[in-house]
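Data block below; observations after.
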Amino acid sequence: MNKNLKIYDTASKEKKSFTSLQPKEVKMYCCGPTVYDYLHIGNFRGAVFFNFVRNWLEFLNYKVNYIYNFTDIDDKILNRALSEKISPQELAEKYILEFKKDYNSLKLKAHTANPRATETLPEIIQLIEKLIKAKKAYEINGNVFYSVSAFKHYGQLSNRKIEDLLSGVRIEVDKQKKSPMDFALWKKAKSGEKWHFESPWGKGRPGWHIECTAMIHKFLGEEIDIHCGGSDLIFPHHENELAQSTGATNKKYVQFWMHNNMIVTEGDKMSKSLDNMITMREFLSQYPGELFKFLILSTHYRSPLQFSKKTLRQALVSLSKIYSSLKKAQQFIKKNGQTYFEKEFSQAEKDIQQAFNDDFATPKAFSIFFELLNNLQKLTEDKKTSSFKKADYARKYIAFFKKYGEALSLFQEEPISFLKNLEDKLLEQKQLSRINIEKKVKERTLARKNKDFKKADLLRKDLEGIGIELRDTAQGSEWEIKK
């Protein structure tokens with residue numbers, strides 16, 4: 001097995017050979033959602049991709065401790081709770097459960113742990129105290145700020161200079177800060193604010209950045225192998241995390257920083273401010289989760305992913321082809337046969353492992369899947385090829401898709417039922433009745449049998465008019481929805 005895994009590291013701006021801090025063990029942390037609403041599909045790009053990263057590391061025989069947090073202390077949570085007239089704790093719990101419903105609907109593997117900021121307050125306070133003692137932070141009137149000037153490597157992760165940030169980035173003015181670049185570790189509760197927590201500096205709430213650092217230290221330690229999240233978190237969130245942890249420990253915080261790019265619609269990043277978001281719940285009401293995972297993984301994680309009717313249709317057609325091919329392969333494996341295709345599938349295994357090990361090059365891996373699919377198509381249509389050879393290829397084909405699809409959390413569904421469920425969703429969207437379609441198909445079959453070709457042609461045109469394609473075979477007419 002090829003274990004020469006290379007990962008692109010955001011900090012060094014290059015692909016590097018992966019080695020873990022401890023042999024055969026990987027400590028991996030991913031920034032999870034701020035839980036104040038249903039999560040949109042952009043939030044789930046990272047959830048899907050980094051699930052694959054963890055699965056592939058396990059395929060390479062690493063034991064992975066994968067932490068995915070929930071940010072349940074945030075001004076957005078407070079404001080939403082006030083509008084819904086419930087407590088912030090109730091609001092956060094509500095949307096954590098909603099996230100888990102969507103996550104489970106995608107059939108992704110459970111994380112090792114899902115810590116919350118509210119459960120990590122003692123560690124947050126201890127870390128802030130440590131930073132104050134190290135003269136990396138200071139307290140003013142119940143607020144605690146990190147002193148950016150005290151960390152000489154600030155800006156290294158995002159490739160920015162402090163002087164450029166001061167002159168070129170708009171920063172909210174706070175007269176209590178020693179420098180406009182300093183960021184909050186602890187925020188004093190405002191007058192009349194009921195949601196707050198006790199601390200040595202008075203009542204208040206932790207800053208967002210310190211929450212993740214504290215959770216990492218608590219669950220994984222002061223040094224970890226992989227820290228991942230969306231590219232929009234590089235600055236300031238991950239830059240500030242790096243400053244906090246290194247300032248407190250003088251240890252290398254993260255070995256590999258991994259960042260997935262954004263989902264874009266019509267050239268714009270998906271966001272609430274642009275009002276172009278689709279929640280995962282909305283998506284799953286129309287399409288299977290398998291389609292979303294396929295769409296996400298068909299584009300390399302560091303490239304922007306275009307989400308549109310066109311790209312969705314392309315993914316739908318491609319995924320349908322794969323499941324149709326698996327269904328076809330099942331029809332051949334009933335026959336016994338000798339082994340004929342060891343060399344072909346052995347090479348395919350090497351190629352797909354090489355793709356996954358090259359910074360998780362999923363598009364290259366997908367091209368290997370489709371090359372095998374085309375070979376299956378040619379083989380099954382070749383009348384000169386024996387049924388034994390077809391059966392052997394079909395068995396290896398199904399096993400290959402199961403084995404490498406498992407790492408992607410794809411291609412594990414039973415083909416016949418998956419295709420029918422997909423068809424039912426598409427029929428529902430088009431407001432079509434399966435019973436009426438099959439009735440017309442039977443009428444057409446009878447018309448052709450009675451040589452009433454005029455009626456048969458009219459029925460075909462009727463079906464095509466509502467988006468139904470017909471294919472006449474020796475066994476009768478088959479139909480499918482135009483995708």
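Chain identifiers are assigned as A, B, and so on, following the order in which chains appear in the structure tokens; residues are numbered from 1 within each chain, and ligands are numbered from 1 in order of appearance.
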
Report the closest atom pair, with its distance in Å rounded to one decimal, for each residue of region 372-425 of chain A that has an atom no farther than 8 Å from region 293-317 of chain A; count only C-alpha atoms, sort by chain and then rising residue number, and write it as JSON lines.
{"residue": "A:Leu408", "atom": "CA", "partner": "A:Leu297", "partner_atom": "CA", "distance": 7.9}
{"residue": "A:Ser409", "atom": "CA", "partner": "A:Lys293", "partner_atom": "CA", "distance": 7.8}
{"residue": "A:Leu410", "atom": "CA", "partner": "A:Phe294", "partner_atom": "CA", "distance": 7.2}

For those residues, write N, CA and C atoms to a file as a tab-separated table (two decimals), in the first residue's frame.
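Dumped everything to selection.tsv:
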chain	number	residue	atom	x	y	z
A	408	LEU	N	-14.69	7.71	1.02
A	408	LEU	CA	-15.38	8.94	0.60
A	408	LEU	C	-16.77	9.06	1.20
A	409	SER	N	-17.22	8.00	1.88
A	409	SER	CA	-18.62	7.91	2.34
A	409	SER	C	-19.58	7.98	1.16
A	410	LEU	N	-19.21	7.30	0.07
A	410	LEU	CA	-20.00	7.24	-1.15
A	410	LEU	C	-20.14	5.79	-1.63

Excluding Asn55 (chain A) and residues on its chain fewer than 5 positions from it, collect all residues at most 9 Å away from it, counting only C-alpha atoms, and give them as a PyMOL selection string. chain A and resi 50+60+64+109+406-409

Which of region 368-482 of chain A counts as strand (DSSP E) under DSSP, as a ChimeraX atom specification please? /A:468-473,476-481

Using C-alpha atoms, can you export the residues from the last selection as a PDB file, in the first residue's frame?
ATOM      1  CA  ILE A 468     -39.534  10.957 -19.681  1.00  0.00           C
ATOM      2  CA  GLU A 469     -37.059   9.156 -21.944  1.00  0.00           C
ATOM      3  CA  LEU A 470     -37.879   5.704 -23.352  1.00  0.00           C
ATOM      4  CA  ARG A 471     -35.488   2.945 -24.337  1.00  0.00           C
ATOM      5  CA  ASP A 472     -36.797  -0.112 -26.192  1.00  0.00           C
ATOM      6  CA  THR A 473     -35.050  -3.370 -25.312  1.00  0.00           C
ATOM      7  CA  GLY A 476     -39.614  -4.406 -23.295  1.00  0.00           C
ATOM      8  CA  SER A 477     -39.639  -0.622 -22.904  1.00  0.00           C
ATOM      9  CA  GLU A 478     -37.669   1.014 -20.098  1.00  0.00           C
ATOM     10  CA  TRP A 479     -38.093   4.610 -18.975  1.00  0.00           C
ATOM     11  CA  GLU A 480     -36.123   7.165 -17.020  1.00  0.00           C
ATOM     12  CA  ILE A 481     -36.395  10.839 -16.132  1.00  0.00           C
TER      13      ILE A 481
END

Measuring atom to atom with only C-alpha atoms, identify which of A:Asn159, A:Ser346, A:Asn450, A:Thr213 is nearest to Gln126 (chain A).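 Answer, going by the shortest atom-to-atom distance: A:Thr213.
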
With distances taken over only C-alpha atoms, which of A:Tyr138, A:Tyr8, A:Phe366, A:Phe256 is nearest to Phe411 (chain A)? A:Phe366

So what do you get for CA of Asp359 (chain A) versus CA of Phe59 (chain A), distance-wise?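 Value for the CA of Asp359 (chain A)-CA of Phe59 (chain A) distance: 15.0 Å.
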